[in-house]
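What follows is one structure encoded as structure tokens, with my remarks underneath.
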2 protein chains.
Amino acid sequence: MNNLLPLPANTGPERGAEILGRIRTAFAEKGFDGSSMQDLARAAGMSVGNFYRYFPSKDAIVEAMVGYDMAEMERDFAAILESADPLTGIRAKICERLNGGCAEDGRLWAEITAAAHRKPQIARICGQMEELVAENLLTVFARLAGTSPKVVAQRYGAHARFIVMLVKAAAMRKRDAPDPDLTALILGTIETTLSEITDAARD
Amino acid sequence: MNNLLPLPANTGPERGAEILGRIRTAFAEKGFDGSSMQDLARAAGMSVGNFYRYFPSKDAIVEAMVGYDMAEMERDFAAILESADPLTGIRAKICERLNGGCAEDGRLWAEITAAAHRKPQIARICGQMEELVAENLLTVFARLAGTSPKVVAQRYGAHARFIVMLVKAAAMRKRDAPDPDLTALILGTIETTLSEITDAARD
DNA sequence: ATGGCGTGAATGAACGTTCACTCCGCGAAC
DNA sequence: GTTCGCGGAGTGAACGTTCATTCACGCCAT
């Protein structure tokens, strides 16, 4: 009668991620309430019915998407942390984001930021995401300076969150007009903040 | 037979603004696609049919709302420009925005920013809004330094846009966790940027 | 023949928008 | 002074569409 099992996403481990990747553009273009399940299913290349087998509701999609980005980010940071020069790696990642890296990410973040103001569940996972990035930044700084991560986190937590905020804000700007002067100003502020941490941590 | 005249919004000059004020909260809470015309009409205290007499479509509401904010901002700047100490006035306005000033403004901006990425019409008026604020800032700086507005605009346009971006980004953060350290960092950056302009302009 | 993957028509609610309608204040006509 | 007609303010049911979600049903490897 009722063949609906509480299976969350067991069908395939990679499958969900692949679907999210396909959906991404559609979501960025039309927004959360703007894109219908029919749209999303079509973008994922499957029928509506089957689509519901992977995501039990519309809300779940956003959560999964942020979770997906979070996992990706964690992977990136893991690679950076293992490299010889982590600070350069971070700088490169930031530059990549500022200088045109995936224009649709900005749109997506704008949508997600707006959604986070409405749905507490999304706000929560979104907060976790920013927290994770900030913590990873702090880990790099602590390792660079040889200081205890706890001390660095207490002293420079706000600096890390500031950098995250700057990158996010810069990404959310429209890409039509590149505005290199503004980008330079943002990048300069990030550099200043970075050196504020590393300089002080060196003492 | 057809009593439909092309009257856009002639019914009352202040009426539209009052309706927008009432709608504001509903819009900030549920978003553009999230709030229905029925919701908005109820928030405005009138029937759907009558509501359509003031705004011909849903899109028109957002445009009108941004226009309304723009007019308000222009009034604020006009007052600041006429005061004895414009720089202090600007600082006060910025602090007001950062330290809790109207929490729903942040939500609204998040919604509008997202909407601007979808609808070109909204992107246009939104860009005008930021441009206007930046120009007003530059006018203050030019007047303070006694320099030609054109020169100041060319040299420090990006600085003004940077400040606008910072204030906007700060306002969009969730208000649940105040994070005073981060706020201080933002405020400090704004101060630095301000003095970069005024110091250089003084020469 | 069992069970997971996949389909897409069906469903009822809710959407944006329209429209035929009521209400009321007011100046003209008587 | 009463009546009348006009037009704008206001109403809410109705319309056609689209929405999120469900479900009865194929397909195919095991």
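Here's how to read the names in the structure tokens: chain A, B, ... by the order shown, residue numbers from 1 in each chain, ligand numbers from 1 in the order shown.
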
> Given a cut-off of 12 Å, which residues of chain C touch chain B, counting only C-alpha atoms (C1' of nucleotides), written out as a count of residues only?
Replying inline: 8

>> Applying 8 Å and only C-alpha atoms (C1' of nucleotides), which residues near range 138-152 of chain A remain after dropping the ones on its own chain fewer than 4 positions away? List them as a ChimeraX atom specification.
In response: /A:81,86-87,134,156-157,160,197-198,201-202

Keeping only N, CA and C atoms, write the selected residues to a file as a PDB file, in the first residue's frame.
ATOM      1  N   LEU A  81      45.643  22.911   3.589  1.00  0.00           N
ATOM      2  CA  LEU A  81      46.332  22.685   4.859  1.00  0.00           C
ATOM      3  C   LEU A  81      47.520  21.745   4.707  1.00  0.00           C
ATOM      4  N   PRO A  86      50.380  27.179   2.847  1.00  0.00           N
ATOM      5  CA  PRO A  86      48.922  27.311   2.976  1.00  0.00           C
ATOM      6  C   PRO A  86      48.422  28.734   2.736  1.00  0.00           C
ATOM      7  N   LEU A  87      49.180  29.722   3.193  1.00  0.00           N
ATOM      8  CA  LEU A  87      48.725  31.100   3.068  1.00  0.00           C
ATOM      9  C   LEU A  87      48.541  31.481   1.596  1.00  0.00           C
ATOM     10  N   ALA A 134      35.555  30.047   8.544  1.00  0.00           N
ATOM     11  CA  ALA A 134      36.322  30.872   9.480  1.00  0.00           C
ATOM     12  C   ALA A 134      37.277  30.010  10.311  1.00  0.00           C
ATOM     13  N   TYR A 156      41.384  36.258  17.083  1.00  0.00           N
ATOM     14  CA  TYR A 156      41.201  36.684  15.694  1.00  0.00           C
ATOM     15  C   TYR A 156      39.980  36.068  15.011  1.00  0.00           C
ATOM     16  N   GLY A 157      39.089  35.550  15.837  1.00  0.00           N
ATOM     17  CA  GLY A 157      37.858  34.984  15.266  1.00  0.00           C
ATOM     18  C   GLY A 157      37.121  35.999  14.402  1.00  0.00           C
ATOM     19  N   ALA A 160      38.669  36.520  11.001  1.00  0.00           N
ATOM     20  CA  ALA A 160      38.322  35.469  10.041  1.00  0.00           C
ATOM     21  C   ALA A 160      36.914  35.675   9.507  1.00  0.00           C
ATOM     22  N   ILE A 197      46.640  39.445  11.367  1.00  0.00           N
ATOM     23  CA  ILE A 197      46.645  38.200  12.131  1.00  0.00           C
ATOM     24  C   ILE A 197      48.048  37.596  12.156  1.00  0.00           C
ATOM     25  N   THR A 198      48.622  37.426  10.975  1.00  0.00           N
ATOM     26  CA  THR A 198      49.903  36.721  10.903  1.00  0.00           C
ATOM     27  C   THR A 198      51.002  37.487  11.610  1.00  0.00           C
ATOM     28  N   ALA A 201      50.441  37.161  15.322  1.00  0.00           N
ATOM     29  CA  ALA A 201      50.604  35.780  15.768  1.00  0.00           C
ATOM     30  C   ALA A 201      52.074  35.387  15.827  1.00  0.00           C
ATOM     31  N   ARG A 202      52.877  36.097  15.052  1.00  0.00           N
ATOM     32  CA  ARG A 202      54.295  35.741  14.988  1.00  0.00           C
ATOM     33  C   ARG A 202      55.026  36.096  16.283  1.00  0.00           C
TER      34      ARG A 202
END

> Running DSSP on the backbone, which parts of range 156-189 of chain B land in helix (DSSP H, G or I), as a VMD selection string?
Replying inline: chain B and resid 156 to 172 180 to 189

Mind running chain B against chain A at 10 Å and telling me each contacting residue's nearest atom pair with the distance in Å (one decimal), counting only C-alpha atoms, chain and number ascending, as CSV?
residue,atom,partner,partner_atom,distance
B:Ala28,CA,A:Arg118,CA,8.6
B:Glu29,CA,A:Arg118,CA,6.2
B:Lys30,CA,A:Arg118,CA,6.4
B:Gly31,CA,A:Ala114,CA,7.7
B:Phe32,CA,A:Asp33,CA,8.4
B:Asp33,CA,A:Asp33,CA,5.5
B:Gly34,CA,A:Asp33,CA,6.2
B:Ser35,CA,A:Asp33,CA,9.8
B:Glu104,CA,A:His117,CA,9.8
B:Gly106,CA,A:His117,CA,9.0
B:Arg107,CA,A:His117,CA,6.1
B:Leu108,CA,A:Ala114,CA,8.4
B:Trp109,CA,A:Ala114,CA,8.4
B:Ala110,CA,A:Ala114,CA,4.9
B:Glu111,CA,A:Ala114,CA,5.2
B:Ile112,CA,A:Ala114,CA,8.5
B:Thr113,CA,A:Ala110,CA,6.5
B:Ala114,CA,A:Ala110,CA,4.9
B:Ala115,CA,A:Glu111,CA,8.2
B:Ala116,CA,A:Lys174,CA,8.7
B:His117,CA,A:Arg107,CA,6.1
B:Arg118,CA,A:Glu29,CA,6.2
B:Lys119,CA,A:Lys30,CA,9.5
B:Ala123,CA,A:Lys174,CA,8.5
B:Gly127,CA,A:Lys174,CA,9.1
B:Arg155,CA,A:Asp181,CA,9.8
B:Tyr156,CA,A:Asp181,CA,9.2
B:Gly157,CA,A:Asp181,CA,8.5
B:Ala158,CA,A:Leu182,CA,4.9
B:His159,CA,A:Leu182,CA,7.0
B:Ala160,CA,A:Leu182,CA,9.1
B:Arg161,CA,A:Leu182,CA,7.0
B:Phe162,CA,A:Leu182,CA,6.2
B:Ile163,CA,A:Leu182,CA,10.0
B:Met165,CA,A:Ala169,CA,7.1
B:Leu166,CA,A:Leu166,CA,7.8
B:Lys168,CA,A:Ala169,CA,8.4
B:Ala169,CA,A:Ala169,CA,5.8
B:Ala170,CA,A:Met165,CA,8.1
B:Met172,CA,A:Thr113,CA,8.2
B:Arg173,CA,A:Met165,CA,8.8
B:Lys174,CA,A:His117,CA,7.3
B:Arg175,CA,A:His117,CA,9.9
B:Asp179,CA,A:Ala158,CA,7.9
B:Pro180,CA,A:Ala158,CA,8.7
B:Asp181,CA,A:Ala158,CA,5.6
B:Leu182,CA,A:Ala158,CA,4.8
B:Thr183,CA,A:Ala158,CA,8.6
B:Ala184,CA,A:Ala158,CA,9.0
B:Leu185,CA,A:Phe162,CA,7.3
B:Ile186,CA,A:Phe162,CA,7.5
B:Thr189,CA,A:Thr189,CA,7.8
B:Thr193,CA,A:Leu185,CA,9.4

Within 9 Å of chain A, which residues of chain D show up? Give each one with its shortest atom-to-atom distance in Å (one decimal) and the two atoms involved, counting only C-alpha atoms (C1' of nucleotides), rows by chain then rising residue number, as CSV.
residue,atom,partner,partner_atom,distance
D:DT18,C1',A:Ser36,CA,8.9
D:DC19,C1',A:Ser36,CA,7.1
D:DA20,C1',A:Met37,CA,7.0
D:DT21,C1',A:Ser57,CA,8.6
D:DT22,C1',A:Gly49,CA,8.3

> Which value, in Å to one decimal, gives the distance between CA of Glu96 in chain A and CA of Glu74 in chain A?
Replying inline: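 Answer for the CA of Glu96 in chain A to CA of Glu74 in chain A separation: 16.6 Å.
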
> Quick one: residues within 10 Å of Ile61 in chain B, only C-alpha atoms (C1' of nucleotides) counted, chain neighbours fewer than 4 positions away excluded, as JSON, numbers by chain?
Replying inline: {"B": [16, 20, 23, 27, 32, 40, 54, 55, 56, 57, 65, 66, 67]}

File dump, residues just selected, all heavy atoms, as a short mmCIF file (atom, residue, chain, number, x, y, z; two decimals), in the first residue's frame:
data_model
loop_
_atom_site.label_atom_id
_atom_site.label_comp_id
_atom_site.auth_asym_id
_atom_site.auth_seq_id
_atom_site.Cartn_x
_atom_site.Cartn_y
_atom_site.Cartn_z
N GLY B 16 0.54 55.72 -1.87
CA GLY B 16 1.45 54.65 -2.28
C GLY B 16 2.54 54.41 -1.26
O GLY B 16 2.84 53.27 -0.90
N LEU B 20 3.32 51.02 0.93
CA LEU B 20 4.65 50.39 0.90
C LEU B 20 5.18 50.19 2.32
O LEU B 20 5.77 49.16 2.62
CB LEU B 20 5.61 51.25 0.09
CG LEU B 20 5.44 51.17 -1.42
CD1 LEU B 20 6.37 52.16 -2.11
CD2 LEU B 20 5.69 49.77 -1.92
N ILE B 23 3.40 47.20 3.81
CA ILE B 23 3.79 45.97 3.13
C ILE B 23 5.18 45.49 3.55
O ILE B 23 5.45 44.31 3.64
CB ILE B 23 3.80 46.23 1.61
CG1 ILE B 23 2.40 46.15 1.06
CG2 ILE B 23 4.70 45.26 0.91
CD1 ILE B 23 2.37 46.36 -0.42
N PHE B 27 6.90 41.68 3.23
CA PHE B 27 7.84 41.39 2.15
C PHE B 27 9.17 40.90 2.70
O PHE B 27 9.78 39.97 2.17
CB PHE B 27 8.07 42.64 1.32
CG PHE B 27 7.84 42.42 -0.13
CD1 PHE B 27 6.96 43.21 -0.83
CD2 PHE B 27 8.48 41.38 -0.81
CE1 PHE B 27 6.72 43.00 -2.18
CE2 PHE B 27 8.24 41.17 -2.15
CZ PHE B 27 7.36 41.97 -2.83
N PHE B 32 10.00 37.83 -2.12
CA PHE B 32 9.25 38.27 -3.29
C PHE B 32 8.28 37.20 -3.77
O PHE B 32 7.07 37.43 -3.83
CB PHE B 32 10.23 38.62 -4.42
CG PHE B 32 9.54 39.05 -5.68
CD1 PHE B 32 9.02 40.33 -5.79
CD2 PHE B 32 9.41 38.18 -6.74
CE1 PHE B 32 8.38 40.73 -6.94
CE2 PHE B 32 8.77 38.57 -7.90
CZ PHE B 32 8.25 39.85 -8.01
N LEU B 40 -0.11 40.43 0.68
CA LEU B 40 0.29 41.83 0.63
C LEU B 40 -0.91 42.76 0.75
O LEU B 40 -0.86 43.76 1.47
CB LEU B 40 1.05 42.10 -0.67
CG LEU B 40 2.37 41.33 -0.83
CD1 LEU B 40 2.96 41.52 -2.22
CD2 LEU B 40 3.37 41.75 0.24
N TYR B 54 -3.20 50.32 -7.08
CA TYR B 54 -2.02 51.09 -6.70
C TYR B 54 -0.74 50.54 -7.32
O TYR B 54 0.18 51.28 -7.63
CB TYR B 54 -1.90 51.13 -5.17
CG TYR B 54 -3.04 51.88 -4.54
CD1 TYR B 54 -4.16 51.22 -4.06
CD2 TYR B 54 -3.02 53.26 -4.46
CE1 TYR B 54 -5.23 51.91 -3.50
CE2 TYR B 54 -4.07 53.97 -3.91
CZ TYR B 54 -5.18 53.29 -3.43
OH TYR B 54 -6.22 53.99 -2.88
N PHE B 55 -0.72 49.22 -7.48
CA PHE B 55 0.45 48.62 -8.12
C PHE B 55 -0.03 47.66 -9.20
O PHE B 55 -0.70 46.68 -8.91
CB PHE B 55 1.29 47.87 -7.09
CG PHE B 55 1.76 48.75 -5.98
CD1 PHE B 55 1.12 48.73 -4.75
CD2 PHE B 55 2.81 49.63 -6.17
CE1 PHE B 55 1.53 49.55 -3.72
CE2 PHE B 55 3.23 50.45 -5.14
CZ PHE B 55 2.59 50.41 -3.92
N PRO B 56 0.34 47.94 -10.44
CA PRO B 56 -0.20 47.17 -11.56
C PRO B 56 0.28 45.73 -11.59
O PRO B 56 -0.34 44.89 -12.24
CB PRO B 56 0.30 47.93 -12.79
CG PRO B 56 1.50 48.67 -12.31
CD PRO B 56 1.26 49.00 -10.87
N SER B 57 1.34 45.40 -10.90
CA SER B 57 1.82 44.03 -10.91
C SER B 57 2.72 43.80 -9.70
O SER B 57 3.08 44.74 -8.99
CB SER B 57 2.60 43.73 -12.18
OG SER B 57 3.87 44.35 -12.12
N MET B 65 9.17 50.01 -4.09
CA MET B 65 9.76 49.95 -2.74
C MET B 65 11.19 50.49 -2.76
O MET B 65 11.57 51.28 -1.88
CB MET B 65 9.75 48.51 -2.24
CG MET B 65 10.17 48.36 -0.81
SD MET B 65 8.82 47.86 0.26
CE MET B 65 8.44 46.25 -0.39
N VAL B 66 11.97 50.07 -3.72
CA VAL B 66 13.34 50.56 -3.82
C VAL B 66 13.32 52.07 -4.08
O VAL B 66 14.10 52.83 -3.50
CB VAL B 66 14.12 49.82 -4.93
CG1 VAL B 66 15.54 50.36 -5.00
CG2 VAL B 66 14.14 48.33 -4.66
N GLY B 67 12.41 52.49 -4.96
CA GLY B 67 12.30 53.91 -5.25
C GLY B 67 11.97 54.71 -4.01
O GLY B 67 12.51 55.80 -3.78
#

>> If we count only C-alpha atoms (C1' of nucleotides) and set the cut-off at 8 Å, which residues sit around range 5-14 of chain D, ignoring sequence neighbours fewer than 6 positions away in its own chain? Please answer as a list in words.
In response: Met46, Ser47, Val48, Gly49 and Asn50 of chain B; DT22 and DC23 of chain C

Can you write out the residues you just picked, keeping N, CA and C atoms (P, O5', C5', C4', C3', O3' and C1' of nucleotides), as a JSON list (two decimals), in the first residue's frame?
[["chain", "number", "residue", "atom", "x", "y", "z"],
["B", 46, "MET", "N", -6.34, 46.20, 2.65],
["B", 46, "MET", "CA", -7.35, 46.40, 1.61],
["B", 46, "MET", "C", -7.55, 45.11, 0.82],
["B", 47, "SER", "N", -8.49, 45.12, -0.06],
["B", 47, "SER", "CA", -8.77, 43.94, -0.86],
["B", 47, "SER", "C", -7.80, 43.83, -2.02],
["B", 48, "VAL", "N", -7.72, 42.63, -2.56],
["B", 48, "VAL", "CA", -6.81, 42.41, -3.68],
["B", 48, "VAL", "C", -7.12, 43.33, -4.85],
["B", 49, "GLY", "N", -8.39, 43.42, -5.14],
["B", 49, "GLY", "CA", -8.80, 44.24, -6.28],
["B", 49, "GLY", "C", -8.34, 45.66, -6.14],
["B", 50, "ASN", "N", -8.55, 46.21, -4.98],
["B", 50, "ASN", "CA", -8.15, 47.59, -4.75],
["B", 50, "ASN", "C", -6.64, 47.74, -4.75],
["C", 22, "DT", "P", -24.54, 45.53, -7.49],
["C", 22, "DT", "O5'", -23.84, 46.15, -6.20],
["C", 22, "DT", "C5'", -23.35, 45.29, -5.16],
["C", 22, "DT", "C4'", -22.57, 46.11, -4.15],
["C", 22, "DT", "C3'", -23.35, 47.30, -3.56],
["C", 22, "DT", "O3'", -23.22, 47.28, -2.15],
["C", 22, "DT", "C1'", -21.26, 48.03, -4.43],
["C", 23, "DC", "P", -24.09, 48.23, -1.27],
["C", 23, "DC", "O5'", -23.10, 49.45, -0.96],
["C", 23, "DC", "C5'", -21.80, 49.17, -0.46],
["C", 23, "DC", "C4'", -20.99, 50.46, -0.40],
["C", 23, "DC", "C3'", -21.80, 51.68, 0.08],
["C", 23, "DC", "O3'", -21.12, 52.27, 1.17],
["C", 23, "DC", "C1'", -20.63, 52.17, -1.93]]
